[in-house]
Amino acid sequence: ITNEGDSDIIFDIKLTSIKTTMVSTNNLVYTLTKDNEVSDTMELPLNDKIITQNITITPNQTMTFILNVKYNGVIENGLSYEYSANISIEQKNNKTNLLE
């Protein structure tokens, strides 16, 4: 994410529009890496959720985020699990600059 504007932008990263055939995500976990700093391992949510919040990006700054997902369980023969979600960047302050 790059702030090409002239003022700070505060934003959240959310997982939205989650669709899954799973009843639980105990074994479906993720980490979020921001500029080489890795978060703790957390379960992927079953419903829309903010996964990091109140991030401030200054003018001309670039931040890199990597979402790593891992399944730690066992899939029985004949079964399949599906999980999909959108990643949304939600600006929190009302500046005229936009994140794309």
# chains A, B, ... in the order shown; residues from 1 in each chain; ligands from 1

call {"tool": "closest_atom_pairs", "arguments": {"of": "region 45-88 of chain A", "to": "region 4-14 of chain A", "cutoff": "6 Å", "atoms": "only C-alpha atoms", "output": "CSV"}}
result
residue,atom,partner,partner_atom,distance
A:Lys49,CA,A:Lys14,CA,5.5
A:Ile50,CA,A:Lys14,CA,4.1
A:Ile51,CA,A:Lys14,CA,5.5
A:Thr52,CA,A:Ile13,CA,5.4
A:Gln53,CA,A:Asp12,CA,4.2
A:Asn54,CA,A:Phe11,CA,5.4
A:Ile55,CA,A:Phe11,CA,5.3
A:Thr56,CA,A:Ile10,CA,4.4
A:Ile57,CA,A:Ile9,CA,5.4
A:Thr58,CA,A:Asp8,CA,4.5
A:Pro59,CA,A:Asp6,CA,5.1
A:Asn60,CA,A:Glu4,CA,5.2
A:Ile87,CA,A:Lys14,CA,5.8
A:Ser88,CA,A:Lys14,CA,5.0

call {"tool": "residues_around", "arguments": {"residues": "Asp35 (chain A)", "least_positions_apart": "6", "cutoff": "8 Å", "atoms": "only C-alpha atoms", "output": "list of chain:residue names"}}
result
A:Met63, A:Thr64, A:Phe65

call {"tool": "write_last_selection", "arguments": {"atoms": "C-alpha atoms", "output": "short mmCIF file (atom, residue, chain, number, x, y, z; two decimals), in the first residue's frame"}}
result
data_model
loop_
_atom_site.label_atom_id
_atom_site.label_comp_id
_atom_site.auth_asym_id
_atom_site.auth_seq_id
_atom_site.Cartn_x
_atom_site.Cartn_y
_atom_site.Cartn_z
CA MET A 63 3.87 -0.61 3.41
CA THR A 64 3.91 -4.24 2.40
CA PHE A 65 1.51 -6.79 3.88
#

call {"tool": "select_by_dssp", "arguments": {"residues": "chain A", "states": "strand (DSSP E or B)", "output": "PyMOL selection string"}}
result
chain A and resi 2+9-20+28-34+37-38+42-43+49-57+62+65-71+83-91

call {"tool": "residues_around", "arguments": {"residues": "Ala85 (chain A)", "least_positions_apart": "3", "cutoff": "8 Å", "atoms": "only C-alpha atoms", "output": "PyMOL selection string"}}
result
chain A and resi 15-19

call {"tool": "write_last_selection", "arguments": {"atoms": "N, CA, C and O atoms", "output": "PDB file, in the first residue's frame"}}
result
ATOM      1  N   LEU A  15     -11.135  -8.844   6.590  1.00  0.00           N
ATOM      2  CA  LEU A  15     -11.570  -9.965   5.773  1.00  0.00           C
ATOM      3  C   LEU A  15     -13.085  -9.864   5.704  1.00  0.00           C
ATOM      4  O   LEU A  15     -13.764  -9.778   6.736  1.00  0.00           O
ATOM      5  N   THR A  16     -13.625  -9.839   4.490  1.00  0.00           N
ATOM      6  CA  THR A  16     -15.064  -9.655   4.305  1.00  0.00           C
ATOM      7  C   THR A  16     -15.602 -10.686   3.320  1.00  0.00           C
ATOM      8  O   THR A  16     -14.846 -11.384   2.653  1.00  0.00           O
ATOM      9  N   SER A  17     -16.918 -10.763   3.237  1.00  0.00           N
ATOM     10  CA  SER A  17     -17.609 -11.666   2.299  1.00  0.00           C
ATOM     11  C   SER A  17     -17.084 -13.093   2.418  1.00  0.00           C
ATOM     12  O   SER A  17     -16.830 -13.764   1.427  1.00  0.00           O
ATOM     13  N   ILE A  18     -16.926 -13.538   3.651  1.00  0.00           N
ATOM     14  CA  ILE A  18     -16.364 -14.866   3.905  1.00  0.00           C
ATOM     15  C   ILE A  18     -17.376 -15.936   3.529  1.00  0.00           C
ATOM     16  O   ILE A  18     -18.546 -15.866   3.899  1.00  0.00           O
ATOM     17  N   LYS A  19     -16.904 -16.914   2.770  1.00  0.00           N
ATOM     18  CA  LYS A  19     -17.702 -18.077   2.394  1.00  0.00           C
ATOM     19  C   LYS A  19     -16.887 -19.309   2.754  1.00  0.00           C
ATOM     20  O   LYS A  19     -15.713 -19.409   2.401  1.00  0.00           O
TER      21      LYS A  19
END

call {"tool": "closest_residue", "arguments": {"among": "A:Asn26, A:Gln91, A:Gln61, A:Ser84", "to": "Ile1 (chain A)", "atoms": "only C-alpha atoms"}}
result
A:Gln61
